[in-house]
file input.pdb (PDB, C-alpha atoms)
ATOM      1  CA  MET J   1       0.000   0.000   0.000
ATOM      2  CA  GLN J   2       2.831   2.416   0.843
ATOM      3  CA  LEU J   3       4.447   1.774  -2.527
ATOM      4  CA  HIS J   4       1.195   2.693  -4.301
ATOM      5  CA  GLU J   5       0.911   5.885  -2.230
ATOM      6  CA  LYS J   6       4.506   6.818  -3.041
ATOM      7  CA  LYS J   7       3.958   6.149  -6.736
ATOM      8  CA  SER J   8       0.782   8.227  -6.697
ATOM      9  CA  ALA J   9       2.541  11.093  -4.911
ATOM     10  CA  ILE J  10       5.417  10.998  -7.400
ATOM     11  CA  ALA J  11       3.017  10.905 -10.338
ATOM     12  CA  GLU J  12       1.037  13.842  -8.949
ATOM     13  CA  TRP J  13       4.209  15.854  -8.351
ATOM     14  CA  ALA J  14       5.504  15.093 -11.850
ATOM     15  CA  THR J  15       2.158  16.051 -13.382
ATOM     16  CA  LYS J  16       2.070  19.373 -11.544
ATOM     17  CA  LYS J  17       5.660  20.139 -12.530
ATOM     18  CA  GLY J  18       4.862  19.247 -16.131
ATOM     19  CA  VAL J  19       1.833  21.529 -16.151
ATOM     20  CA  ASP J  20       3.897  24.327 -14.646
ATOM     21  CA  ALA J  21       6.549  23.889 -17.343
ATOM     22  CA  GLU J  22       3.863  23.808 -20.015
ATOM     23  CA  CYS J  23       2.366  27.054 -18.724
ATOM     24  CA  ARG J  24       5.770  28.721 -18.802
ATOM     25  CA  ALA J  25       6.337  27.435 -22.327
ATOM     26  CA  LEU J  26       2.995  28.802 -23.508
ATOM     27  CA  VAL J  27       3.737  32.213 -22.029
ATOM     28  CA  ALA J  28       7.248  32.224 -23.512
ATOM     29  CA  GLU J  29       5.880  31.183 -26.883
ATOM     30  CA  MET J  30       3.597  34.194 -26.888
ATOM     31  CA  GLY J  31       6.638  36.449 -26.615
ATOM     32  CA  ASN J  32       6.430  39.259 -24.130
ATOM     33  CA  ASN J  33       4.762  38.454 -20.790
ATOM     34  CA  ASN J  34       3.616  42.059 -20.444
ATOM     35  CA  LYS J  35       1.530  41.795 -23.591
ATOM     36  CA  LEU J  36      -0.436  38.823 -22.275
ATOM     37  CA  ALA J  37      -4.095  39.774 -22.222
ATOM     38  CA  ASN J  38      -5.533  38.219 -19.066
ATOM     39  CA  THR J  39      -8.964  37.191 -20.209
ATOM     40  CA  PHE J  40      -9.315  33.540 -19.123
ATOM     41  CA  GLN J  41      -8.427  31.967 -15.798
ATOM     42  CA  ILE J  42      -8.250  28.384 -14.559
ATOM     43  CA  ILE J  43      -9.926  27.872 -11.199
ATOM     44  CA  ARG J  44     -10.367  24.814  -9.005
ATOM     45  CA  SER J  45     -13.922  23.697  -8.358
ATOM     46  CA  ASP J  46     -13.237  23.683  -4.601
ATOM     47  CA  GLY J  47     -11.894  27.261  -4.648
ATOM     48  CA  GLN J  48      -8.384  26.269  -3.528
ATOM     49  CA  SER J  49      -5.215  27.494  -5.219
ATOM     50  CA  ASP J  50      -2.385  25.403  -6.662
ATOM     51  CA  GLU J  51       0.118  25.340  -9.531
ATOM     52  CA  ILE J  52      -2.647  25.330 -12.132
ATOM     53  CA  ALA J  53      -5.434  27.323 -10.512
ATOM     54  CA  GLY J  54      -5.084  31.078 -10.770
ATOM     55  CA  ARG J  55      -3.162  31.144 -14.030
ATOM     56  CA  TYR J  56      -4.325  33.562 -16.712
ATOM     57  CA  PHE J  57      -4.436  33.002 -20.465
ATOM     58  CA  SER J  58      -5.206  35.157 -23.453
ATOM     59  CA  SER J  59      -7.472  32.518 -24.972
ATOM     60  CA  TYR J  60      -9.750  29.728 -23.861
ATOM     61  CA  ASP J  61      -7.803  27.300 -26.050
ATOM     62  CA  GLU J  62      -4.534  27.953 -24.202
ATOM     63  CA  ALA J  63      -6.156  27.284 -20.831
ATOM     64  CA  HIS J  64      -7.888  24.214 -22.219
ATOM     65  CA  THR J  65      -4.571  22.832 -23.515
ATOM     66  CA  VAL J  66      -3.062  23.049 -20.025
ATOM     67  CA  LEU J  67      -6.033  21.228 -18.478
ATOM     68  CA  GLU J  68      -6.107  18.671 -21.261
ATOM     69  CA  ARG J  69      -2.480  17.785 -20.575
ATOM     70  CA  TYR J  70      -3.094  17.651 -16.822
ATOM     71  CA  TYR J  71      -6.009  15.206 -17.176
ATOM     72  CA  ALA J  72      -4.209  13.130 -19.813
ATOM     73  CA  ASP J  73      -1.341  12.478 -17.386
ATOM     74  CA  LEU J  74      -3.643  11.030 -14.725
ATOM     75  CA  SER J  75      -4.496   7.376 -14.640
ATOM     76  CA  CYS J  76      -7.947   6.104 -13.762
ATOM     77  CA  CYS J  77      -6.640   4.856 -10.387
ATOM     78  CA  ASP J  78      -5.873   8.498  -9.479
ATOM     79  CA  GLU J  79      -9.504   9.468 -10.019
ATOM     80  CA  ASP J  80     -10.225   9.895  -6.292
ATOM     81  CA  GLU J  81      -7.197  12.174  -5.837
ATOM     82  CA  ARG J  82      -7.522  14.415  -8.880
ATOM     83  CA  GLU J  83      -8.655  17.990  -8.755
ATOM     84  CA  TYR J  84     -11.402  19.428 -10.915
ATOM     85  CA  TYR J  85     -10.857  22.682 -12.759
ATOM     86  CA  ASP J  86     -12.942  25.174 -14.700
ATOM     87  CA  ILE J  87     -11.982  27.878 -17.164
ATOM     88  CA  VAL J  88     -13.684  31.197 -16.548
ATOM     89  CA  GLU J  89     -13.638  34.414 -18.515
ATOM     90  CA  VAL J  90     -12.309  37.341 -16.517
ATOM     91  CA  ASN J  91     -13.858  40.759 -17.090
ATOM     92  CA  SER J  92     -11.142  43.312 -17.735
TER      93      SER J  92
END

call {"tool": "encode", "arguments": {"input": "input.pdb", "output": "structure tokens"}}
result
Amino acid sequence: MQLHEKKSAIAEWATKKGVDAECRALVAEMGNNNKLANTFQIIRSDGQSDEIAGRYFSSYDEAHTVLERYYADLSCCDEDEREYYDIVEVNS
């Protein structure tokens, strides 16, 4: 049981680090961080904050790509431990 918990913790950590790197890559790809139009935000359904929640994106598609990669990295056995996210439009 402890081995499974350790593997799950490692997988969760790796997923979060991968999402964080992906977010940085998306921002870098867009060029100048100051020109990023903050119009869409990822939020957790429970209102908590983490490496994914609270990030801003200039398009829905960019935010969706981050979430898509996060969910793709989770296995079905992690279903009880995964977080649920929404993408909301932020009024400027």

call {"tool": "closest_residue", "arguments": {"input": "input.pdb", "among": "J:Glu22, J:Glu89, J:Asp73, J:Glu83", "to": "Ser58 in chain J", "atoms": "all atoms listed in the file"}}
result
J:Glu89

call {"tool": "atom_distance", "arguments": {"input": "input.pdb", "atom1": "CA of Ala72 in chain J", "atom2": "CA of Gly47 in chain J"}}
result
22.1 Å

call {"tool": "resolve_selection", "arguments": {"input": "input.pdb", "expression": "the PyMOL selection byres ((chain J and resi 45) around 8)", "output": "PyMOL selection string"}}
result
chain J and resi 43-44+46-48+83-86

call {"tool": "resolve_selection", "arguments": {"input": "input.pdb", "expression": "the PyMOL selection byres ((chain J and resi 67) around 12)", "output": "PyMOL selection string"}}
result
chain J and resi 15-16+18-20+22-23+41-44+51-53+55+60-66+68-74+82-87
